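> My structure is in upload_23.pdb, and what it holds is PDB, C-alpha atoms and all ligand atoms:
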```pdb
ATOM      1  CA  MET A  88     -14.730 -11.563   6.240  1.00  0.00           C
ATOM      2  CA  LYS A  89     -13.572 -11.579   2.612  1.00  0.00           C
ATOM      3  CA  LEU A  90     -10.934  -9.361   1.049  1.00  0.00           C
ATOM      4  CA  TYR A  91     -11.373  -8.851  -2.698  1.00  0.00           C
ATOM      5  CA  MET A  92      -7.948  -8.012  -4.049  1.00  0.00           C
ATOM      6  CA  VAL A  93      -5.441  -8.398  -6.879  1.00  0.00           C
ATOM      7  CA  PRO A  94      -1.730  -9.109  -6.246  1.00  0.00           C
ATOM      8  CA  ALA A  95       0.876  -6.406  -7.060  1.00  0.00           C
ATOM      9  CA  ALA A  96      -1.646  -3.554  -7.267  1.00  0.00           C
ATOM     10  CA  PRO A  97      -0.658  -0.996  -4.615  1.00  0.00           C
ATOM     11  CA  ASN A  98      -3.887  -0.494  -2.651  1.00  0.00           C
ATOM     12  CA  PRO A  99      -4.767  -4.191  -2.342  1.00  0.00           C
ATOM     13  CA  THR A 100      -1.124  -4.892  -1.442  1.00  0.00           C
ATOM     14  CA  LYS A 101      -1.363  -2.350   1.350  1.00  0.00           C
ATOM     15  CA  VAL A 102      -4.170  -4.326   2.997  1.00  0.00           C
ATOM     16  CA  MET A 103      -2.542  -7.694   2.244  1.00  0.00           C
ATOM     17  CA  LEU A 104       0.728  -6.572   3.877  1.00  0.00           C
ATOM     18  CA  TYR A 105      -1.237  -5.153   6.784  1.00  0.00           C
ATOM     19  CA  ILE A 106      -3.011  -8.494   7.351  1.00  0.00           C
ATOM     20  CA  ALA A 107       0.294 -10.396   7.120  1.00  0.00           C
ATOM     21  CA  GLU A 108       1.904  -8.000   9.621  1.00  0.00           C
ATOM     22  CA  ARG A 109      -1.039  -8.490  12.006  1.00  0.00           C
ATOM     23  CA  GLU A 110      -0.753 -12.249  11.679  1.00  0.00           C
ATOM     24  CA  ALA A 111       2.966 -11.978  12.493  1.00  0.00           C
ATOM     25  CA  LEU A 112       1.889 -10.155  15.682  1.00  0.00           C
ATOM     26  CA  GLY A 113      -0.351 -13.097  16.599  1.00  0.00           C
ATOM     27  CA  SER A 114      -3.739 -11.961  15.244  1.00  0.00           C
ATOM     28  CA  ALA A 115      -6.015 -14.523  13.619  1.00  0.00           C
ATOM     29  CA  LEU A 116      -8.197 -12.249  11.508  1.00  0.00           C
ATOM     30  CA  SER A 117      -9.924 -15.029   9.502  1.00  0.00           C
ATOM     31  CA  ILE A 118     -10.088 -13.184   6.208  1.00  0.00           C
ATOM     32  CA  GLU A 119     -10.576 -15.134   3.007  1.00  0.00           C
ATOM     33  CA  GLN A 120      -8.706 -13.463   0.133  1.00  0.00           C
ATOM     34  CA  VAL A 121     -10.480 -13.547  -3.229  1.00  0.00           C
ATOM     35  CA  VAL A 122      -8.660 -12.476  -6.419  1.00  0.00           C
ATOM     36  CA  VAL A 123     -10.577 -10.200  -8.815  1.00  0.00           C
ATOM     37  CA  ASN A 124      -8.557 -10.358 -12.017  1.00  0.00           C
ATOM     38  CA  THR A 125      -8.232  -6.764 -13.221  1.00  0.00           C
ATOM     39  CA  LEU A 126      -6.199  -7.795 -16.298  1.00  0.00           C
ATOM     40  CA  LYS A 127      -9.285  -9.729 -17.428  1.00  0.00           C
ATOM     41  CA  GLY A 128     -11.525  -6.769 -16.501  1.00  0.00           C
ATOM     42  CA  ARG A 129     -13.343  -8.704 -13.762  1.00  0.00           C
ATOM     43  CA  HIS A 130     -13.475  -5.562 -11.581  1.00  0.00           C
ATOM     44  CA  ARG A 131     -15.760  -3.944 -14.160  1.00  0.00           C
ATOM     45  CA  GLU A 132     -18.227  -6.838 -14.195  1.00  0.00           C
ATOM     46  CA  PRO A 133     -21.607  -6.729 -12.377  1.00  0.00           C
ATOM     47  CA  GLU A 134     -20.479  -9.182  -9.696  1.00  0.00           C
ATOM     48  CA  HIS A 135     -17.755  -6.800  -8.469  1.00  0.00           C
ATOM     49  CA  LEU A 136     -19.708  -3.597  -9.193  1.00  0.00           C
ATOM     50  CA  ALA A 137     -22.396  -4.907  -6.819  1.00  0.00           C
ATOM     51  CA  ARG A 138     -19.739  -4.820  -4.101  1.00  0.00           C
ATOM     52  CA  ASN A 139     -18.222  -1.524  -5.178  1.00  0.00           C
ATOM     53  CA  PRO A 140     -19.884   0.659  -7.846  1.00  0.00           C
ATOM     54  CA  PHE A 141     -16.508   2.343  -8.489  1.00  0.00           C
ATOM     55  CA  GLY A 142     -14.981  -1.003  -9.472  1.00  0.00           C
ATOM     56  CA  THR A 143     -11.800  -0.529  -7.457  1.00  0.00           C
ATOM     57  CA  LEU A 144      -9.885  -2.923  -5.232  1.00  0.00           C
ATOM     58  CA  PRO A 145      -9.436  -3.702  -2.403  1.00  0.00           C
ATOM     59  CA  VAL A 146     -12.917  -4.285  -0.995  1.00  0.00           C
ATOM     60  CA  LEU A 147     -13.519  -5.848   2.409  1.00  0.00           C
ATOM     61  CA  GLU A 148     -16.794  -7.700   2.869  1.00  0.00           C
ATOM     62  CA  LEU A 149     -17.780  -7.653   6.524  1.00  0.00           C
ATOM     63  CA  ASN A 150     -19.405 -10.669   8.149  1.00  0.00           C
ATOM     64  CA  ASP A 151     -22.796  -8.912   8.014  1.00  0.00           C
ATOM     65  CA  GLY A 152     -22.494  -8.405   4.224  1.00  0.00           C
ATOM     66  CA  ARG A 153     -21.561  -4.708   4.201  1.00  0.00           C
ATOM     67  CA  PHE A 154     -18.563  -3.545   2.151  1.00  0.00           C
ATOM     68  CA  LEU A 155     -15.642  -1.235   2.900  1.00  0.00           C
ATOM     69  CA  LEU A 156     -14.230   0.323  -0.277  1.00  0.00           C
ATOM     70  CA  GLU A 157     -11.133   2.223   0.866  1.00  0.00           C
ATOM     71  CA  SER A 158      -7.839   0.606   1.885  1.00  0.00           C
ATOM     72  CA  LEU A 159      -7.189   2.888   4.859  1.00  0.00           C
ATOM     73  CA  SER A 160     -10.767   2.479   6.164  1.00  0.00           C
ATOM     74  CA  ILE A 161     -10.292  -1.280   5.899  1.00  0.00           C
ATOM     75  CA  ILE A 162      -7.097  -1.029   7.946  1.00  0.00           C
ATOM     76  CA  ARG A 163      -8.728   1.221  10.536  1.00  0.00           C
ATOM     77  CA  TYR A 164     -11.568  -1.252  10.900  1.00  0.00           C
ATOM     78  CA  LEU A 165      -9.204  -4.223  11.209  1.00  0.00           C
ATOM     79  CA  GLU A 166      -7.281  -2.352  13.899  1.00  0.00           C
ATOM     80  CA  THR A 167     -10.413  -2.710  16.069  1.00  0.00           C
ATOM     81  CA  VAL A 168     -10.530  -6.497  15.563  1.00  0.00           C
ATOM     82  CA  GLN A 169      -8.390  -8.229  18.196  1.00  0.00           C
ATOM     83  CA  ALA A 170      -7.167  -4.781  19.150  1.00  0.00           C
ATOM     84  CA  ASP A 171      -4.615  -6.161  21.613  1.00  0.00           C
ATOM     85  CA  THR A 172      -2.507  -7.089  18.578  1.00  0.00           C
ATOM     86  CA  ALA A 173      -3.211  -3.884  16.624  1.00  0.00           C
ATOM     87  CA  LEU A 174      -0.389  -2.601  14.433  1.00  0.00           C
ATOM     88  CA  VAL A 175      -0.688   1.036  15.479  1.00  0.00           C
ATOM     89  CA  GLN A 176       0.189   1.336  19.157  1.00  0.00           C
ATOM     90  CA  GLY A 177       0.738   4.145  21.623  1.00  0.00           C
ATOM     91  CA  ASP A 178      -1.210   7.078  23.018  1.00  0.00           C
ATOM     92  CA  PRO A 179      -3.631   9.079  20.832  1.00  0.00           C
ATOM     93  CA  ALA A 180      -0.899  11.452  19.666  1.00  0.00           C
ATOM     94  CA  GLU A 181       1.407   8.576  18.687  1.00  0.00           C
ATOM     95  CA  GLN A 182      -1.425   6.896  16.810  1.00  0.00           C
ATOM     96  CA  ALA A 183      -2.289  10.161  15.046  1.00  0.00           C
ATOM     97  CA  LEU A 184       1.377  10.562  14.072  1.00  0.00           C
ATOM     98  CA  ALA A 185       1.362   7.032  12.584  1.00  0.00           C
ATOM     99  CA  TYR A 186      -1.691   7.834  10.440  1.00  0.00           C
ATOM    100  CA  ASP A 187      -0.250  11.232   9.561  1.00  0.00           C
ATOM    101  CA  LEU A 188       2.949   9.651   8.257  1.00  0.00           C
ATOM    102  CA  GLU A 189       0.944   7.084   6.300  1.00  0.00           C
ATOM    103  CA  ARG A 190      -1.072   9.860   4.634  1.00  0.00           C
ATOM    104  CA  THR A 191       2.138  11.763   3.871  1.00  0.00           C
ATOM    105  CA  VAL A 192       3.671   8.704   2.199  1.00  0.00           C
ATOM    106  CA  GLU A 193       0.462   7.987   0.272  1.00  0.00           C
ATOM    107  CA  LEU A 194      -0.383  11.506  -0.865  1.00  0.00           C
ATOM    108  CA  ARG A 195       3.125  12.870  -1.409  1.00  0.00           C
ATOM    109  CA  PHE A 196       4.796   9.760  -2.810  1.00  0.00           C
ATOM    110  CA  ALA A 197       2.762   6.602  -3.459  1.00  0.00           C
ATOM    111  CA  ASN A 198       0.062   8.325  -5.536  1.00  0.00           C
ATOM    112  CA  HIS A 199       2.771   9.952  -7.652  1.00  0.00           C
ATOM    113  CA  VAL A 200       4.510   6.598  -8.124  1.00  0.00           C
ATOM    114  CA  GLY A 201       1.291   5.069  -9.458  1.00  0.00           C
ATOM    115  CA  ARG A 202       0.819   7.891 -11.953  1.00  0.00           C
ATOM    116  CA  TYR A 203       4.542   7.910 -12.833  1.00  0.00           C
ATOM    117  CA  VAL A 204       4.469   4.198 -13.643  1.00  0.00           C
ATOM    118  CA  HIS A 205       1.520   4.748 -15.986  1.00  0.00           C
ATOM    119  CA  ALA A 206       3.232   7.786 -17.556  1.00  0.00           C
ATOM    120  CA  THR A 207       6.432   5.841 -18.280  1.00  0.00           C
ATOM    121  CA  ASN A 208       5.797   2.081 -18.618  1.00  0.00           C
ATOM    122  CA  SER A 209       2.112   1.468 -17.988  1.00  0.00           C
ATOM    123  CA  PRO A 210       1.203  -2.170 -17.228  1.00  0.00           C
ATOM    124  CA  LEU A 211      -2.209  -1.273 -18.710  1.00  0.00           C
ATOM    125  CA  GLY A 212      -0.582  -0.107 -21.946  1.00  0.00           C
ATOM    126  CA  LEU A 213      -1.446   3.579 -21.439  1.00  0.00           C
ATOM    127  CA  PRO A 214       0.520   5.971 -23.684  1.00  0.00           C
ATOM    128  CA  ALA A 215       3.741   7.415 -22.208  1.00  0.00           C
ATOM    129  CA  ASP A 216       3.543  11.066 -21.101  1.00  0.00           C
ATOM    130  CA  PRO A 217       7.116  12.386 -20.614  1.00  0.00           C
ATOM    131  CA  GLU A 218       5.976  15.864 -19.514  1.00  0.00           C
ATOM    132  CA  LEU A 219       3.744  14.482 -16.760  1.00  0.00           C
ATOM    133  CA  ALA A 220       6.464  11.982 -15.804  1.00  0.00           C
ATOM    134  CA  ALA A 221       8.948  14.844 -15.280  1.00  0.00           C
ATOM    135  CA  GLU A 222       6.472  16.740 -13.068  1.00  0.00           C
ATOM    136  CA  LEU A 223       5.782  13.636 -10.981  1.00  0.00           C
ATOM    137  CA  ARG A 224       9.478  12.854 -10.659  1.00  0.00           C
ATOM    138  CA  SER A 225      10.059  16.300  -9.220  1.00  0.00           C
ATOM    139  CA  ALA A 226       7.156  15.890  -6.746  1.00  0.00           C
ATOM    140  CA  MET A 227       8.512  12.490  -5.720  1.00  0.00           C
ATOM    141  CA  THR A 228      11.951  14.007  -5.058  1.00  0.00           C
ATOM    142  CA  GLN A 229      10.578  16.208  -2.268  1.00  0.00           C
ATOM    143  CA  ALA A 230       8.959  13.197  -0.584  1.00  0.00           C
ATOM    144  CA  LEU A 231      12.065  11.030  -0.966  1.00  0.00           C
ATOM    145  CA  GLU A 232      14.211  13.711   0.621  1.00  0.00           C
ATOM    146  CA  TYR A 233      11.787  13.817   3.533  1.00  0.00           C
ATOM    147  CA  LEU A 234      12.016  10.023   3.925  1.00  0.00           C
ATOM    148  CA  GLN A 235      15.818  10.203   3.816  1.00  0.00           C
ATOM    149  CA  THR A 236      15.691  12.802   6.611  1.00  0.00           C
ATOM    150  CA  LEU A 237      13.486  10.551   8.736  1.00  0.00           C
ATOM    151  CA  LEU A 238      15.827   7.593   8.245  1.00  0.00           C
ATOM    152  CA  ALA A 239      18.974   9.656   8.889  1.00  0.00           C
ATOM    153  CA  ASP A 240      18.877   8.926  12.651  1.00  0.00           C
ATOM    154  CA  GLY A 241      19.452   5.226  11.946  1.00  0.00           C
ATOM    155  CA  ARG A 242      15.893   4.053  12.651  1.00  0.00           C
ATOM    156  CA  ASP A 243      14.832   0.833  10.985  1.00  0.00           C
ATOM    157  CA  TRP A 244      11.278   1.908  10.097  1.00  0.00           C
ATOM    158  CA  LEU A 245       9.730   5.154   8.966  1.00  0.00           C
ATOM    159  CA  GLY A 246       7.983   5.791  12.303  1.00  0.00           C
ATOM    160  CA  GLY A 247      10.835   4.546  14.478  1.00  0.00           C
ATOM    161  CA  GLU A 248      11.345   1.170  16.148  1.00  0.00           C
ATOM    162  CA  ARG A 249       8.120  -0.549  15.039  1.00  0.00           C
ATOM    163  CA  VAL A 250       6.887  -1.231  11.557  1.00  0.00           C
ATOM    164  CA  SER A 251       3.802   0.853  10.908  1.00  0.00           C
ATOM    165  CA  ILE A 252       1.226   1.572   8.243  1.00  0.00           C
ATOM    166  CA  ALA A 253       3.509   4.123   6.544  1.00  0.00           C
ATOM    167  CA  ASP A 254       6.060   1.347   5.870  1.00  0.00           C
ATOM    168  CA  ILE A 255       3.321  -0.790   4.359  1.00  0.00           C
ATOM    169  CA  THR A 256       2.114   1.998   2.076  1.00  0.00           C
ATOM    170  CA  LEU A 257       5.657   2.797   0.938  1.00  0.00           C
ATOM    171  CA  GLN A 258       6.450  -0.839   0.152  1.00  0.00           C
ATOM    172  CA  SER A 259       3.178  -1.283  -1.760  1.00  0.00           C
ATOM    173  CA  ALA A 260       4.141   1.624  -4.023  1.00  0.00           C
ATOM    174  CA  LEU A 261       7.706   0.362  -4.492  1.00  0.00           C
ATOM    175  CA  GLN A 262       6.485  -3.108  -5.449  1.00  0.00           C
ATOM    176  CA  PHE A 263       4.257  -1.556  -8.122  1.00  0.00           C
ATOM    177  CA  ALA A 264       7.288   0.304  -9.511  1.00  0.00           C
ATOM    178  CA  ARG A 265       9.316  -2.940  -9.558  1.00  0.00           C
ATOM    179  CA  PHE A 266       6.436  -4.736 -11.282  1.00  0.00           C
ATOM    180  CA  ALA A 267       6.608  -2.110 -14.050  1.00  0.00           C
ATOM    181  CA  LYS A 268      10.449  -2.179 -14.049  1.00  0.00           C
ATOM    182  CA  VAL A 269      10.621   1.496 -13.090  1.00  0.00           C
ATOM    183  CA  ASP A 270      13.222   2.582 -10.507  1.00  0.00           C
ATOM    184  CA  VAL A 271      11.882   5.402  -8.359  1.00  0.00           C
ATOM    185  CA  ILE A 272      14.424   5.278  -5.491  1.00  0.00           C
ATOM    186  CA  ASP A 273      17.658   5.342  -7.475  1.00  0.00           C
ATOM    187  CA  GLY A 274      20.208   7.466  -5.577  1.00  0.00           C
ATOM    188  CA  TYR A 275      18.263   7.463  -2.291  1.00  0.00           C
ATOM    189  CA  GLU A 276      20.498   5.165  -0.303  1.00  0.00           C
ATOM    190  CA  SER A 277      18.661   5.162   3.038  1.00  0.00           C
ATOM    191  CA  VAL A 278      15.357   4.465   1.310  1.00  0.00           C
ATOM    192  CA  GLN A 279      17.012   1.669  -0.692  1.00  0.00           C
ATOM    193  CA  GLN A 280      18.340   0.159   2.556  1.00  0.00           C
ATOM    194  CA  TRP A 281      14.892   0.490   4.130  1.00  0.00           C
ATOM    195  CA  ASP A 282      13.465  -1.284   1.067  1.00  0.00           C
ATOM    196  CA  GLY A 283      15.906  -4.187   1.486  1.00  0.00           C
ATOM    197  CA  ARG A 284      15.079  -4.450   5.188  1.00  0.00           C
ATOM    198  CA  TYR A 285      11.336  -4.417   4.637  1.00  0.00           C
ATOM    199  CA  ARG A 286      11.494  -7.053   1.898  1.00  0.00           C
ATOM    200  CA  GLU A 287      13.215  -9.436   4.326  1.00  0.00           C
ATOM    201  CA  ARG A 288      10.228  -9.392   6.694  1.00  0.00           C
ATOM    202  CA  SER A 289       8.068 -12.489   6.752  1.00  0.00           C
ATOM    203  CA  ALA A 290       4.970 -10.423   5.832  1.00  0.00           C
ATOM    204  CA  ALA A 291       6.793  -9.157   2.746  1.00  0.00           C
ATOM    205  CA  GLN A 292       7.968 -12.635   1.763  1.00  0.00           C
ATOM    206  CA  GLN A 293       4.412 -13.938   1.998  1.00  0.00           C
ATOM    207  CA  VAL A 294       2.711 -11.135   0.075  1.00  0.00           C
ATOM    208  CA  LEU A 295       5.107  -9.517  -2.399  1.00  0.00           C
ATOM    209  CA  ARG A 296       5.368 -10.997  -5.888  1.00  0.00           C
ATOM    210  CA  PHE A 297       7.898  -8.508  -7.312  1.00  0.00           C
TER
HETATM  211  N1  LIG A 301      -8.527   5.054  -2.639  1.00  0.00           N
HETATM  212  C1  LIG A 301      -8.695   3.656  -2.976  1.00  0.00           C
HETATM  213  C2  LIG A 301      -8.037   3.433  -4.321  1.00  0.00           C
HETATM  214  C3  LIG A 301      -8.348   2.064  -4.884  1.00  0.00           C
HETATM  215  C4  LIG A 301      -7.748   1.888  -6.263  1.00  0.00           C
HETATM  216  O1  LIG A 301      -7.618   2.853  -7.054  1.00  0.00           O
HETATM  217  N2  LIG A 301      -7.409   0.643  -6.584  1.00  0.00           N
HETATM  218  C5  LIG A 301      -6.834   0.331  -7.872  1.00  0.00           C
HETATM  219  C6  LIG A 301      -5.803  -0.780  -7.702  1.00  0.00           C
HETATM  220  S1  LIG A 301      -4.399  -0.187  -6.808  1.00  0.00           S
HETATM  221  C7  LIG A 301      -7.913  -0.177  -8.789  1.00  0.00           C
HETATM  222  O2  LIG A 301      -8.812  -0.881  -8.362  1.00  0.00           O
HETATM  223  N3  LIG A 301      -7.838   0.194 -10.089  1.00  0.00           N
HETATM  224  C8  LIG A 301      -8.763  -0.295 -11.063  1.00  0.00           C
HETATM  225  C9  LIG A 301      -9.654   0.802 -11.579  1.00  0.00           C
HETATM  226  O3  LIG A 301      -9.626   1.929 -11.050  1.00  0.00           O
HETATM  227  O4  LIG A 301     -10.383   0.527 -12.528  1.00  0.00           O
HETATM  228  C10 LIG A 301      -8.055   2.801  -1.867  1.00  0.00           C
HETATM  229  O5  LIG A 301      -7.147   3.287  -1.187  1.00  0.00           O
HETATM  230  O6  LIG A 301      -8.468   1.663  -1.680  1.00  0.00           O
END
```
Write the structure described by the file as structure tokens, please.
Ligand SMILES: N[C@@H](CCC(=O)N[C@@H](CS)C(=O)NCC(=O)O)C(=O)O

Amino acid sequence: MKLYMVPAAPNPTKVMLYIAEREALGSALSIEQVVVNTLKGRHREPEHLARNPFGTLPVLELNDGRFLLESLSIIRYLETVQADTALVQGDPAEQALAYDLERTVELRFANHVGRYVHATNSPLGLPADPELAAELRSAMTQALEYLQTLLADGRDWLGGERVSIADITLQSALQFARFAKVDVIDGYESVQQWDGRYRERSAAQQVLRF
């Protein structure tokens, strides 16, 4: 399999952290990682558009030549490979709760962080949009308060004792904010402590650049 990706971008980072976490659990997923340089516009060139007509990253090329275009679908597929070392464990309800929390982090926080970064200090040079930034900041506040509530019982990870896909999605968003020198967790002490803990993990040390 081949993972087409670009470092520091949130959705590719999500899959890269996932793979590193699986490897730490003993999986040998045999995935070659291929950089598609978005700063040079390589994702808009025919070679990448043949893999994914939408031009986004990550893309996973399966061994039979088919392509998966969505980060969470890639993760769900990889969960079935060497499933004895899958990241998401537990009975069906526990697994559903893990995916539910991941979607909550993505849709109620990480997506806003991506748009907030571009509205304040866009790495792509997009014009600042203070009005949109204020709206996003307020939406992010609700999610951050929810995360603080989860962490208030002293758990290490968002879902409890084990690192899960929600942790990976949160860290991918926070790295993107750091890359753009935008602080989105200022004042949220439990989330800041979680961030410090996650960045000490070997998966984080291998994958994160910022
Ligand atoms: N829903 C997709 C989103 C993929 C996505 O938007 N990737 C960004 C990088 S984080 C990208 O490729 N942006 C370049 C573009 O849209 O032109 C996923 O989760 O994989």
> Neighbouring residues of A:Tyr186 were defined as those with any atom within 12 Å, considering only C-alpha atoms; residues of the same chain fewer than 6 positions away were excluded. Please report them as a PyMOL selection string.
chain A and resi 159-160+162-163+174-176+179-180+192-194+245-246+251-256
> Please evaluate the PyMOL selection byres (((chain A and resi 92-103) around 7) and not hetatm) against the displayed coordinates and give the resulting residues as a ChimeraX atom specification.
/A:90-91,104-107,120-124,144-146,158,162,255-256,259-260,262-263,294,296
> Taking into account all atoms listed in the file, which residue in the set A:Ala290, A:Leu112, A:Ala206, A:Ala197 is nearest to A:Glu218?
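Smallest distance to A:Glu218 is found for A:Ala206.
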> So how far away is atom CA of A:Leu126 from atom CA of A:Ala226, in Å?
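So the two atoms, atom CA of A:Ala226 and atom CA of A:Leu126, lie 28.8 Å apart.
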> Atom CA of A:Arg153 to atom CA of A:Arg138: how many Å, to one decimal?
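Separation of atom CA of A:Arg153 and atom CA of A:Arg138: 8.5 Å.
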> Might you pull out every residue within 7 Å of A:Asp216, with only C-alpha atoms counted and same-chain residues fewer than 3 positions away left off, and present them as a ChimeraX atom specification?
/A:206-207,219-220
> Please report the interatomic distance between atom CA of A:Arg249 and atom CA of A:Leu165 in Å with one decimal.
18.1 Å
> For stretch 279-288 of chain A, please output as a PyMOL selection string all residues within 8 Å (counting only C-alpha atoms; exclusion window: fewer than 5 positions along the same chain).
chain A and resi 243-244+254+258+272-273
> Using all atoms listed in the file for the distances, tell me which of A:Glu110, A:Glu134, A:Glu157, A:Glu189 is nearest to ligand LIG 301 (chain A).
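Going through A:Glu110, A:Glu134, A:Glu157, A:Glu189 one by one, the smallest distance to ligand LIG 301 (chain A) is for A:Glu157.
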> Please determine, counting all atoms listed in the file, which residue among A:Thr125, A:Gln182, A:Thr228, A:Ser114 has the shortest atom-to-atom distance to ligand LIG 301 (chain A).
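When distances to ligand LIG 301 (chain A) are compared using all atoms listed in the file, the smallest one comes from A:Thr125.
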> Given the choices A:Leu184, A:Leu116, A:Glu108, A:Val200, which gets closest to ligand LIG 301 (chain A) if the distance is worked out from only C-alpha atoms and all ligand atoms?
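Comparing A:Leu184, A:Leu116, A:Glu108, A:Val200 against ligand LIG 301 (chain A), the winner is A:Val200.
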> With 4 Å added on each side, what axis-aligned box encloses every listed atom of ligand LIG 301 (chain A)? Give the centre and edge lengths in Å to one decimal, as AutoDock Vina command-line options.

```
--center_x -7.4 --center_y 2.1 --center_z -6.9 --size_x 14.0 --size_y 13.9 --size_z 19.3
```
> With a distance cut-off of 8 Å and only C-alpha atoms, select the neighbouring residues of A:Leu231, excluding the residue or stretch itself and same-chain residues fewer than 6 positions from it, and output the selection as a PDB file with C-alpha atoms, keeping the file's coordinate frame.

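Final output, selection-v6.pdb:
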```
ATOM      1  CA  PHE A 196       4.796   9.760  -2.810  1.00  0.00           C
ATOM      2  CA  ILE A 272      14.424   5.278  -5.491  1.00  0.00           C
ATOM      3  CA  TYR A 275      18.263   7.463  -2.291  1.00  0.00           C
ATOM      4  CA  VAL A 278      15.357   4.465   1.310  1.00  0.00           C
TER       5      VAL A 278
END
```
> Considering only C-alpha atoms and all ligand atoms, state which residue in the set A:Ala170, A:Asp178, A:Arg109, A:Arg190 is at the smallest distance from ligand LIG 301 (chain A).
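Selected residue with least distance to ligand LIG 301 (chain A): A:Arg190.
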> May I ask which of the residues A:Val250, A:Ile161, A:Val204, A:Val269 is the closest one to A:Leu223, counting all atoms listed in the file?
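For A:Leu223, the nearest of the candidates is A:Val204.
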> For A:Met88, list every protein, DNA or RNA residue within 6 Å, evaluated using all atoms listed in the file, and leave out those in the same chain fewer than 6 positions away; present the list as a PDB file with C-alpha atoms, keeping the file's coordinate frame.

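For reference, around20.pdb as written:
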```
ATOM      1  CA  ILE A 118     -10.088 -13.184   6.208  1.00  0.00           C
ATOM      2  CA  GLU A 148     -16.794  -7.700   2.869  1.00  0.00           C
ATOM      3  CA  LEU A 149     -17.780  -7.653   6.524  1.00  0.00           C
ATOM      4  CA  ASN A 150     -19.405 -10.669   8.149  1.00  0.00           C
TER       5      ASN A 150
END
```
